[in-house]
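Enquirer: Input file: input.cif. Contents: mmCIF, C-alpha atoms.
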data_query
#
loop_
_atom_site.group_PDB
_atom_site.id
_atom_site.type_symbol
_atom_site.label_atom_id
_atom_site.label_comp_id
_atom_site.auth_asym_id
_atom_site.auth_seq_id
_atom_site.Cartn_x
_atom_site.Cartn_y
_atom_site.Cartn_z
ATOM 1 C CA MET A 1 84.999 21.038 74.125
ATOM 2 C CA ARG A 2 84.116 23.844 71.701
ATOM 3 C CA VAL A 3 83.036 26.986 73.574
ATOM 4 C CA VAL A 4 81.551 30.191 72.179
ATOM 5 C CA ILE A 5 82.166 33.270 74.378
ATOM 6 C CA GLY A 6 80.170 36.472 73.955
ATOM 7 C CA GLY A 7 82.266 39.449 75.050
ATOM 8 C CA GLY A 8 85.373 37.302 75.091
ATOM 9 C CA SER A 9 87.757 40.199 74.402
ATOM 10 C CA GLY A 10 86.875 41.918 77.706
ATOM 11 C CA PHE A 11 88.509 41.602 81.132
ATOM 12 C CA VAL A 12 86.667 38.448 82.273
ATOM 13 C CA GLY A 13 86.493 37.020 78.751
ATOM 14 C CA ARG A 14 90.270 37.171 78.318
ATOM 15 C CA GLU A 15 90.865 35.296 81.575
ATOM 16 C CA LEU A 16 88.206 32.718 80.716
ATOM 17 C CA THR A 17 89.699 32.198 77.240
ATOM 18 C CA ARG A 18 93.164 31.700 78.734
ATOM 19 C CA LEU A 19 91.854 29.144 81.249
ATOM 20 C CA LEU A 20 89.782 27.160 78.749
ATOM 21 C CA LYS A 21 92.593 27.061 76.178
ATOM 22 C CA SER A 22 94.958 25.807 78.884
ATOM 23 C CA LYS A 23 92.520 22.902 79.395
ATOM 24 C CA GLY A 24 92.606 22.115 75.673
ATOM 25 C CA HIS A 25 89.243 23.588 74.701
ATOM 26 C CA GLU A 26 88.564 25.288 71.360
ATOM 27 C CA ILE A 27 87.331 28.897 71.657
ATOM 28 C CA THR A 28 85.321 31.130 69.326
ATOM 29 C CA LEU A 29 84.776 34.721 70.460
ATOM 30 C CA ILE A 30 81.720 36.796 69.611
ATOM 31 C CA SER A 31 82.780 40.405 69.216
ATOM 32 C CA ARG A 32 81.696 43.669 67.613
ATOM 33 C CA GLN A 33 84.645 43.370 65.210
ATOM 34 C CA PRO A 34 85.554 40.318 63.091
ATOM 35 C CA GLY A 35 89.006 38.756 63.289
ATOM 36 C CA PRO A 36 90.900 35.473 63.709
ATOM 37 C CA GLY A 37 88.941 33.140 65.981
ATOM 38 C CA LYS A 38 86.081 35.645 66.136
ATOM 39 C CA ILE A 39 82.576 36.035 64.770
ATOM 40 C CA THR A 40 80.343 39.093 65.149
ATOM 41 C CA TRP A 41 76.979 39.441 66.862
ATOM 42 C CA ALA A 42 75.493 40.115 63.410
ATOM 43 C CA ASP A 43 76.938 36.759 62.251
ATOM 44 C CA VAL A 44 75.134 34.969 65.098
ATOM 45 C CA GLU A 45 71.869 36.812 64.393
ATOM 46 C CA SER A 46 71.929 35.969 60.700
ATOM 47 C CA GLY A 47 73.733 32.624 60.600
ATOM 48 C CA GLY A 48 72.993 31.104 63.983
ATOM 49 C CA LEU A 49 75.295 29.586 66.563
ATOM 50 C CA PRO A 50 78.436 27.811 65.316
ATOM 51 C CA PRO A 51 78.727 24.150 66.394
ATOM 52 C CA CYS A 52 79.719 24.122 70.084
ATOM 53 C CA GLU A 53 79.259 22.245 73.333
ATOM 54 C CA GLY A 54 79.245 25.333 75.560
ATOM 55 C CA ALA A 55 78.104 28.959 75.257
ATOM 56 C CA VAL A 56 78.953 31.806 77.639
ATOM 57 C CA ASN A 57 77.999 35.479 77.720
ATOM 58 C CA VAL A 58 80.208 37.938 79.612
ATOM 59 C CA ALA A 59 79.448 40.900 77.319
ATOM 60 C CA GLY A 60 78.540 44.307 78.728
ATOM 61 C CA GLU A 61 79.598 47.942 78.687
ATOM 62 C CA ASN A 62 81.819 48.793 81.698
ATOM 63 C CA ILE A 63 79.398 50.127 84.299
ATOM 64 C CA MET A 64 82.121 52.009 86.213
ATOM 65 C CA ASN A 65 83.672 53.712 83.178
ATOM 66 C CA PRO A 66 84.892 57.032 84.683
ATOM 67 C CA LEU A 67 85.001 58.619 81.219
ATOM 68 C CA ARG A 68 81.230 58.393 80.739
ATOM 69 C CA TRP A 69 78.692 60.581 82.503
ATOM 70 C CA TRP A 70 75.679 58.914 84.052
ATOM 71 C CA ASN A 71 72.869 59.846 81.670
ATOM 72 C CA GLU A 72 70.090 58.210 79.644
ATOM 73 C CA SER A 73 72.398 57.475 76.696
ATOM 74 C CA TYR A 74 74.887 55.640 78.909
ATOM 75 C CA LYS A 75 72.128 53.715 80.697
ATOM 76 C CA LYS A 76 70.710 52.668 77.325
ATOM 77 C CA ASP A 77 74.157 51.343 76.329
ATOM 78 C CA LEU A 78 74.469 49.431 79.620
ATOM 79 C CA VAL A 79 71.127 47.727 79.010
ATOM 80 C CA SER A 80 71.546 46.981 75.291
ATOM 81 C CA SER A 81 75.105 45.636 75.647
ATOM 82 C CA ARG A 82 73.841 43.096 78.192
ATOM 83 C CA VAL A 83 70.214 42.329 77.351
ATOM 84 C CA ASN A 84 70.454 42.374 73.552
ATOM 85 C CA THR A 85 73.580 40.219 73.375
ATOM 86 C CA THR A 86 72.076 37.746 75.837
ATOM 87 C CA ARG A 87 68.849 37.562 73.838
ATOM 88 C CA ILE A 88 70.787 36.983 70.595
ATOM 89 C CA LEU A 89 72.677 34.056 72.148
ATOM 90 C CA ALA A 90 69.613 32.534 73.829
ATOM 91 C CA GLN A 91 67.607 32.688 70.597
ATOM 92 C CA ALA A 92 70.503 31.158 68.633
ATOM 93 C CA ILE A 93 70.772 28.318 71.171
ATOM 94 C CA ALA A 94 67.026 27.674 71.009
ATOM 95 C CA ALA A 95 67.107 27.607 67.189
ATOM 96 C CA SER A 96 70.204 25.392 66.901
ATOM 97 C CA PRO A 97 69.675 21.860 65.538
ATOM 98 C CA THR A 98 72.585 20.740 67.765
ATOM 99 C CA PRO A 99 72.405 23.044 70.805
ATOM 100 C CA PRO A 100 75.263 23.246 73.332
ATOM 101 C CA HIS A 101 74.933 21.160 76.471
ATOM 102 C CA SER A 102 75.672 24.220 78.668
ATOM 103 C CA TRP A 103 74.680 27.903 78.507
ATOM 104 C CA VAL A 104 76.292 30.199 81.102
ATOM 105 C CA LEU A 105 75.227 33.811 81.658
ATOM 106 C CA VAL A 106 77.286 36.084 83.929
ATOM 107 C CA THR A 107 75.215 38.911 85.513
ATOM 108 C CA GLY A 108 75.823 40.480 88.965
ATOM 109 C CA VAL A 109 74.922 40.768 92.651
ATOM 110 C CA ALA A 110 73.123 44.093 92.081
ATOM 111 C CA CYS A 111 69.868 42.119 92.187
ATOM 112 C CA TYR A 112 70.224 41.839 95.985
ATOM 113 C CA LYS A 113 69.163 44.925 97.951
ATOM 114 C CA PRO A 114 72.078 46.550 99.840
ATOM 115 C CA SER A 115 71.921 45.892 103.574
ATOM 116 C CA LEU A 116 74.252 45.812 106.568
ATOM 117 C CA GLN A 117 72.298 42.907 108.100
ATOM 118 C CA THR A 118 70.662 40.704 105.442
ATOM 119 C CA GLN A 119 72.729 37.807 104.104
ATOM 120 C CA TYR A 120 71.938 36.490 100.633
ATOM 121 C CA THR A 121 72.432 33.038 99.120
ATOM 122 C CA GLU A 122 71.486 31.833 95.634
ATOM 123 C CA GLU A 123 68.126 30.738 97.087
ATOM 124 C CA SER A 124 67.225 34.225 98.374
ATOM 125 C CA GLU A 125 64.148 35.745 96.782
ATOM 126 C CA TRP A 126 64.550 39.252 95.402
ATOM 127 C CA THR A 127 62.467 41.949 93.759
ATOM 128 C CA PRO A 128 63.856 44.757 91.563
ATOM 129 C CA PHE A 129 64.119 48.010 93.505
ATOM 130 C CA ASP A 130 66.374 50.344 91.447
ATOM 131 C CA PHE A 131 67.900 50.748 87.973
ATOM 132 C CA LEU A 132 70.646 48.141 88.431
ATOM 133 C CA SER A 133 68.395 45.454 89.908
ATOM 134 C CA HIS A 134 65.833 46.012 87.131
ATOM 135 C CA LEU A 135 68.714 45.603 84.673
ATOM 136 C CA VAL A 136 69.679 42.236 86.208
ATOM 137 C CA LYS A 137 66.036 41.099 86.068
ATOM 138 C CA GLU A 138 65.724 41.965 82.368
ATOM 139 C CA TRP A 139 69.184 40.538 81.631
ATOM 140 C CA GLU A 140 68.504 37.165 83.228
ATOM 141 C CA ALA A 141 65.022 36.966 81.657
ATOM 142 C CA ALA A 142 66.598 37.518 78.215
ATOM 143 C CA GLY A 143 68.775 34.438 78.746
ATOM 144 C CA GLN A 144 65.940 32.082 79.694
ATOM 145 C CA LEU A 145 65.518 29.276 77.157
ATOM 146 C CA PRO A 146 62.083 27.987 76.155
ATOM 147 C CA GLU A 147 61.111 24.777 77.966
ATOM 148 C CA ASN A 148 61.816 22.417 75.053
ATOM 149 C CA SER A 149 65.356 23.871 74.679
ATOM 150 C CA ALA A 150 65.974 23.904 78.435
ATOM 151 C CA LYS A 151 65.529 20.123 78.474
ATOM 152 C CA LYS A 152 68.565 19.795 76.190
ATOM 153 C CA THR A 153 70.811 22.613 77.470
ATOM 154 C CA ARG A 154 71.918 23.231 81.044
ATOM 155 C CA GLN A 155 71.292 26.863 81.982
ATOM 156 C CA VAL A 156 73.558 28.547 84.538
ATOM 157 C CA ILE A 157 73.491 32.098 85.925
ATOM 158 C CA ILE A 158 76.580 33.355 87.756
ATOM 159 C CA ARG A 159 76.271 36.555 89.813
ATOM 160 C CA PRO A 160 79.721 37.985 90.587
ATOM 161 C CA GLY A 161 80.587 40.790 92.956
ATOM 162 C CA ALA A 162 83.463 43.193 92.246
ATOM 163 C CA VAL A 163 85.886 41.307 89.986
ATOM 164 C CA LEU A 164 89.503 41.878 91.025
ATOM 165 C CA GLY A 165 92.537 41.321 88.790
ATOM 166 C CA ARG A 166 95.630 43.126 87.569
ATOM 167 C CA ASP A 167 94.486 43.579 83.956
ATOM 168 C CA GLY A 168 91.154 45.334 84.353
ATOM 169 C CA GLY A 169 87.999 45.700 86.409
ATOM 170 C CA ALA A 170 87.829 47.714 89.607
ATOM 171 C CA MET A 171 91.531 47.369 90.457
ATOM 172 C CA LYS A 172 92.720 49.123 87.310
ATOM 173 C CA GLN A 173 91.211 52.399 88.519
ATOM 174 C CA MET A 174 92.105 51.921 92.187
ATOM 175 C CA LEU A 175 95.808 51.126 91.987
ATOM 176 C CA ILE A 176 97.083 54.553 90.876
ATOM 177 C CA PRO A 177 95.569 56.577 93.765
ATOM 178 C CA PHE A 178 96.597 53.865 96.233
ATOM 179 C CA TRP A 179 100.176 53.818 94.887
ATOM 180 C CA LEU A 180 100.247 57.592 95.367
ATOM 181 C CA GLY A 181 99.134 57.198 98.984
ATOM 182 C CA LEU A 182 95.753 58.772 98.209
ATOM 183 C CA GLY A 183 93.637 55.662 98.767
ATOM 184 C CA GLY A 184 90.918 55.573 101.393
ATOM 185 C CA THR A 185 87.574 54.128 102.382
ATOM 186 C CA LEU A 186 84.546 54.954 100.255
ATOM 187 C CA GLY A 187 81.655 56.560 102.109
ATOM 188 C CA SER A 188 81.241 55.059 105.587
ATOM 189 C CA GLY A 189 83.484 52.051 104.822
ATOM 190 C CA ARG A 190 81.020 49.852 106.743
ATOM 191 C CA GLN A 191 79.258 48.673 103.589
ATOM 192 C CA PRO A 192 79.740 45.023 102.581
ATOM 193 C CA PHE A 193 82.190 44.474 99.735
ATOM 194 C CA PRO A 194 81.337 41.258 97.831
ATOM 195 C CA TRP A 195 84.260 40.399 95.555
ATOM 196 C CA ILE A 196 86.014 37.654 93.591
ATOM 197 C CA HIS A 197 89.404 37.255 91.907
ATOM 198 C CA VAL A 198 89.031 37.113 88.113
ATOM 199 C CA SER A 199 90.790 33.715 88.019
ATOM 200 C CA ASP A 200 88.185 32.265 90.368
ATOM 201 C CA LEU A 201 85.323 33.740 88.351
ATOM 202 C CA ALA A 202 86.773 32.125 85.229
ATOM 203 C CA GLY A 203 87.069 28.904 87.222
ATOM 204 C CA ILE A 204 83.392 28.991 88.252
ATOM 205 C CA ILE A 205 82.362 29.570 84.618
ATOM 206 C CA ALA A 206 84.514 26.638 83.454
ATOM 207 C CA HIS A 207 83.052 24.517 86.277
ATOM 208 C CA ALA A 208 79.527 25.499 85.195
ATOM 209 C CA LEU A 209 80.189 24.483 81.578
ATOM 210 C CA GLU A 210 80.367 20.839 82.620
ATOM 211 C CA PRO A 211 77.240 19.021 81.371
ATOM 212 C CA LYS A 212 74.488 17.723 83.619
ATOM 213 C CA GLU A 213 72.835 14.389 82.891
ATOM 214 C CA GLU A 214 69.359 15.856 83.247
ATOM 215 C CA PRO A 215 69.276 19.660 82.866
ATOM 216 C CA SER A 216 66.606 21.462 84.860
ATOM 217 C CA THR A 217 64.208 23.732 83.005
ATOM 218 C CA GLU A 218 65.179 26.421 85.550
ATOM 219 C CA PRO A 219 68.716 27.880 85.606
ATOM 220 C CA ASP A 220 71.255 26.817 88.216
ATOM 221 C CA VAL A 221 72.371 29.984 90.046
ATOM 222 C CA PHE A 222 75.847 30.454 91.521
ATOM 223 C CA ASN A 223 76.987 33.522 93.459
ATOM 224 C CA GLY A 224 80.414 34.481 92.123
ATOM 225 C CA VAL A 225 81.846 35.817 95.375
ATOM 226 C CA VAL A 226 84.346 34.511 97.914
ATOM 227 C CA PRO A 227 83.031 33.035 101.180
ATOM 228 C CA ALA A 228 84.654 35.838 103.231
ATOM 229 C CA LEU A 229 82.249 38.648 104.150
ATOM 230 C CA ASN A 230 84.486 41.724 103.848
ATOM 231 C CA THR A 231 83.659 45.407 104.186
ATOM 232 C CA ASN A 232 84.975 48.293 102.122
ATOM 233 C CA PHE A 233 87.073 49.327 105.146
ATOM 234 C CA GLU A 234 88.723 45.882 105.301
ATOM 235 C CA PHE A 235 89.420 45.896 101.569
ATOM 236 C CA THR A 236 90.929 49.391 101.749
ATOM 237 C CA LYS A 237 93.196 48.558 104.669
ATOM 238 C CA ASP A 238 94.337 45.246 103.138
ATOM 239 C CA LEU A 239 95.155 46.909 99.810
ATOM 240 C CA GLY A 240 97.085 49.653 101.620
ATOM 241 C CA ARG A 241 99.066 47.065 103.615
ATOM 242 C CA THR A 242 99.825 45.034 100.494
ATOM 243 C CA LEU A 243 101.082 48.121 98.649
ATOM 244 C CA LYS A 244 102.775 49.473 101.809
ATOM 245 C CA ARG A 245 100.891 52.752 101.375
ATOM 246 C CA PRO A 246 98.804 54.801 103.828
ATOM 247 C CA THR A 247 95.009 54.840 103.463
ATOM 248 C CA ILE A 248 94.091 58.048 105.258
ATOM 249 C CA PHE A 249 91.995 59.894 102.680
ATOM 250 C CA PRO A 250 88.362 58.738 102.865
ATOM 251 C CA VAL A 251 86.188 59.620 99.877
ATOM 252 C CA PRO A 252 82.865 61.169 100.992
ATOM 253 C CA GLY A 253 79.701 59.573 99.651
ATOM 254 C CA PHE A 254 78.382 62.857 98.266
ATOM 255 C CA PHE A 255 81.503 63.222 96.088
ATOM 256 C CA LEU A 256 80.916 59.762 94.593
ATOM 257 C CA ASP A 257 77.248 60.644 93.985
ATOM 258 C CA VAL A 258 78.288 63.747 92.069
ATOM 259 C CA PHE A 259 81.135 62.110 90.121
ATOM 260 C CA PHE A 260 79.478 58.800 89.210
ATOM 261 C CA GLY A 261 75.780 59.662 89.528
ATOM 262 C CA SER A 262 73.796 58.492 92.551
ATOM 263 C CA GLU A 263 72.256 55.471 90.768
ATOM 264 C CA ARG A 264 75.737 54.186 89.895
ATOM 265 C CA ALA A 265 77.543 55.293 93.066
ATOM 266 C CA VAL A 266 75.504 52.813 95.141
ATOM 267 C CA ILE A 267 77.873 50.115 93.817
ATOM 268 C CA LEU A 268 80.635 51.853 95.789
ATOM 269 C CA THR A 269 78.795 53.350 98.767
ATOM 270 C CA GLN A 270 76.445 50.448 99.520
ATOM 271 C CA GLY A 271 76.856 46.702 99.344
ATOM 272 C CA GLN A 272 75.379 43.274 99.958
ATOM 273 C CA LYS A 273 76.406 40.370 102.160
ATOM 274 C CA VAL A 274 76.457 37.616 99.546
ATOM 275 C CA VAL A 275 77.375 33.991 100.292
ATOM 276 C CA PRO A 276 78.398 31.442 97.598
ATOM 277 C CA LYS A 277 76.357 28.619 99.162
ATOM 278 C CA LYS A 278 75.554 26.685 95.973
ATOM 279 C CA THR A 279 78.938 27.500 94.461
ATOM 280 C CA LEU A 280 80.641 25.707 97.357
ATOM 281 C CA GLU A 281 78.080 22.880 97.359
ATOM 282 C CA SER A 282 78.881 22.277 93.664
ATOM 283 C CA GLY A 283 82.426 21.331 94.668
ATOM 284 C CA PHE A 284 84.183 24.456 93.404
ATOM 285 C CA GLU A 285 87.361 25.373 95.302
ATOM 286 C CA PHE A 286 88.571 28.992 95.367
ATOM 287 C CA GLN A 287 92.200 29.739 94.507
ATOM 288 C CA TYR A 288 91.967 33.126 96.254
ATOM 289 C CA PRO A 289 89.416 32.838 99.087
ATOM 290 C CA ASP A 290 90.740 35.812 101.097
ATOM 291 C CA LEU A 291 91.831 39.378 100.393
ATOM 292 C CA THR A 292 95.465 38.877 101.377
ATOM 293 C CA SER A 293 96.124 36.088 98.835
ATOM 294 C CA ALA A 294 94.132 37.830 96.086
ATOM 295 C CA LEU A 295 95.779 41.234 96.528
ATOM 296 C CA LYS A 296 99.289 39.782 96.712
ATOM 297 C CA GLU A 297 98.727 38.028 93.379
ATOM 298 C CA ILE A 298 97.276 41.178 91.785
ATOM 299 C CA VAL A 299 100.009 43.617 92.788
ATOM 300 C CA GLY A 300 102.781 41.093 92.181
ATOM 301 C CA TYR A 301 104.058 40.429 95.702
#
Go ahead and express the file in the form of structure tokens.

Expert:
Amino acid sequence: MRVVIGGGSGFVGRELTRLLKSKGHEITLISRQPGPGKITWADVESGGLPPCEGAVNVAGENIMNPLRWWNESYKKDLVSSRVNTTRILAQAIAASPTPPHSWVLVTGVACYKPSLQTQYTEESEWTPFDFLSHLVKEWEAAGQLPENSAKKTRQVIIRPGAVLGRDGGAMKQMLIPFWLGLGGTLGSGRQPFPWIHVSDLAGIIAHALEPKEEPSTEPDVFNGVVPALNTNFEFTKDLGRTLKRPTIFPVPGFFLDVFFGSERAVILTQGQKVVPKKTLESGFEFQYPDLTSALKEIVGY
């Protein structure tokens, strides 16, 4: 299979590329910079989609970049890096004389309103309520194919939680303070912590690239989270045990609001109970379904 990956040089894109190449697939990356095996977003806009059987978009500015202040400029970059790239790919697919049989867009669980009680599946209805959920709404709308194209191309939306892995994502920033014995719960620690190992997220994407005999005009939605319903407290304690380090320094919510900006800090201080109901029903099997196995792989034990 020939697969085009938007944002393929990022954390998730690298893992997905590795997995697909190991299965014998041919990969073309869409990037801001040209290079071997790469085309640019401008190339896709002007020349259309290269011949392929699958298209994936995992592009997007890192939302938890600690080096960027939460301001209008940063928010604009977060939106454009997701919505514009998705729109470019969707329009190229719709215009292609030989469209791919699968189109996979990776968004996020921020569409679901944080709650300590409510449990969300892929079938849960949701309404935008803050900046991040409005972003997901606009992002997913940008990927929707027109009806005549949707009859030819399977559309899939995957909504991951926190993506854990040794080479990037949330863990990259967490490991240093935890190694130093300065790790601790964030805010109350009671908030749900939906998460997935990067290898499993890549696996769900690869699983979703498989063609369907009769694509629906509406996207298939898969929650990219493990079945376990963990809290931030449980994650913190498990990571401390795995690293053999104490976790006695909680980080107050107000500090996170100041450092990250309150609209962004909700990712850390609040959370959603998300269940991968349709993901499991599709036959996907998780390599790392629990924190202990995932964290041991990540820190090398």

Enquirer: I'd like to see the residues matched by the PyMOL selection byres ((chain A and resi 273-282) around 10) on this file, and ideally I'd get them as a ChimeraX atom specification.

Expert: /A:109,112-124,158-161,191-195,204,207-208,220-231,271-272,283-286

Enquirer: Run through the PyMOL selection byres ((chain A and resi 291-293) around 10) on the given coordinates and return the selected residues as a PyMOL selection string.

Expert: chain A and resi 164+195-197+226+228+230+234-235+238-239+241-242+287-290+294-298+301

Enquirer: Kindly save the residues from that selection, with C-alpha atoms included, as a PDB file, in the coordinates of the input.

Expert:
ATOM      1  CA  LEU A 164      89.503  41.878  91.025  1.00  0.00           C
ATOM      2  CA  TRP A 195      84.260  40.399  95.555  1.00  0.00           C
ATOM      3  CA  ILE A 196      86.014  37.654  93.591  1.00  0.00           C
ATOM      4  CA  HIS A 197      89.404  37.255  91.907  1.00  0.00           C
ATOM      5  CA  VAL A 226      84.346  34.511  97.914  1.00  0.00           C
ATOM      6  CA  ALA A 228      84.654  35.838 103.231  1.00  0.00           C
ATOM      7  CA  ASN A 230      84.486  41.724 103.848  1.00  0.00           C
ATOM      8  CA  GLU A 234      88.723  45.882 105.301  1.00  0.00           C
ATOM      9  CA  PHE A 235      89.420  45.896 101.569  1.00  0.00           C
ATOM     10  CA  ASP A 238      94.337  45.246 103.138  1.00  0.00           C
ATOM     11  CA  LEU A 239      95.155  46.909  99.810  1.00  0.00           C
ATOM     12  CA  ARG A 241      99.066  47.065 103.615  1.00  0.00           C
ATOM     13  CA  THR A 242      99.825  45.034 100.494  1.00  0.00           C
ATOM     14  CA  GLN A 287      92.200  29.739  94.507  1.00  0.00           C
ATOM     15  CA  TYR A 288      91.967  33.126  96.254  1.00  0.00           C
ATOM     16  CA  PRO A 289      89.416  32.838  99.087  1.00  0.00           C
ATOM     17  CA  ASP A 290      90.740  35.812 101.097  1.00  0.00           C
ATOM     18  CA  ALA A 294      94.132  37.830  96.086  1.00  0.00           C
ATOM     19  CA  LEU A 295      95.779  41.234  96.528  1.00  0.00           C
ATOM     20  CA  LYS A 296      99.289  39.782  96.712  1.00  0.00           C
ATOM     21  CA  GLU A 297      98.727  38.028  93.379  1.00  0.00           C
ATOM     22  CA  ILE A 298      97.276  41.178  91.785  1.00  0.00           C
ATOM     23  CA  TYR A 301     104.058  40.429  95.702  1.00  0.00           C
TER      24      TYR A 301
END

Enquirer: Between CA of Gly169 (chain A) and CA of Ser31 (chain A), what is the spacing in Å?

Expert: 18.7 Å

Enquirer: In the coordinate frame of the file, compute which residues have an atom within 8 Å of (69.1, 29.2, 73.1) when using all atoms listed in the file, and state them as a list in words.

Expert: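 Protein, DNA and RNA residues close to (69.1, 29.2, 73.1): Leu89, Ala90, Gln91, Ala92, Ile93, Ala94, Ala95, Ser96, Pro99, Trp103, Gly143, Gln144, Leu145, Pro146 and Ser149 of chain A.
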
Enquirer: Find the residues near Asn62 (chain A): any atom within 12 Å, counting only C-alpha atoms, skip ones fewer than 2 places away on the same chain, and give them as a ChimeraX atom specification.

Expert: /A:7,10-12,58-60,64-68,74-75,77-79,81-82,163,168-170,264

Enquirer: Tell me which protein, DNA and RNA residues are within 10 Å of Glu147 (chain A), counting only C-alpha atoms, leaving out same-chain ones fewer than 6 positions away, and put them as a PDB file with C-alpha atoms, in the frame of the given file.

Expert:
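Result file is selection-v2.pdb:
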ATOM      1  CA  ALA A  94      67.026  27.674  71.009  1.00  0.00           C
ATOM      2  CA  THR A 153      70.811  22.613  77.470  1.00  0.00           C
ATOM      3  CA  SER A 216      66.606  21.462  84.860  1.00  0.00           C
ATOM      4  CA  THR A 217      64.208  23.732  83.005  1.00  0.00           C
ATOM      5  CA  GLU A 218      65.179  26.421  85.550  1.00  0.00           C
TER       6      GLU A 218
END

Enquirer: Measure the distance from CA of Phe129 (chain A) to CA of Val266 (chain A) in Å and round it to one decimal.

Expert: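 Distance between the two atoms: 12.5 Å.
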
Enquirer: I need the output of the PyMOL selection byres ((chain A and resi 34-44) around 12) for this file as a PyMOL selection string; which residues are they?

Expert: chain A and resi 2-9+17+26-33+45-51+57+59+81+84-93+95-96

Enquirer: In Å, rounded to a single decimal, give me how far CA of Ser262 (chain A) is from CA of Ile176 (chain A).

Expert: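 A separation of 23.7 Å between them.
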
Enquirer: Hey, which of A:Gln173, A:Leu16, A:Ser188, A:Trp179 ends up closest to Val106 (chain A)? Count all atoms listed in the file.

Expert: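 Using all atoms listed in the file, the shortest distance to Val106 (chain A) belongs to A:Leu16.
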
Enquirer: Between A:Asp130, A:Arg190, A:His101, A:Lys21, which residue has the minimum interatomic distance to Ala150 (chain A), considering all atoms listed in the file?

Expert: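 For Ala150 (chain A), the nearest of the candidates is A:His101.
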
Enquirer: Can you pull out every residue within 9 Å of Lys237 (chain A), counting all atoms listed in the file, but drop anything in the same chain fewer than 5 positions away, and send it as a PyMOL selection string?

Expert: chain A and resi 184-185+232+242+246-247

Enquirer: Which of these residues is nearest to Ser133 (chain A), using all atoms listed in the file: A:Gly108, A:Gln155, A:Gly240, A:Arg18?

Expert: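 Smallest distance to Ser133 (chain A) is found for A:Gly108.
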
Enquirer: I'd like to know which of A:Gly24, A:Leu175, A:Ala55, A:Ala142 is closest to Thr107 (chain A), using all atoms listed in the file.

Expert: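 For Thr107 (chain A), the nearest of the candidates is A:Ala142.
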
Enquirer: I'd like the contact shell of Thr127 (chain A) - 12 Å cut-off, only C-alpha atoms, skipping same-chain residues fewer than 5 positions apart - returned as number ranges by chain.

Expert: A: 110-113, 132-138
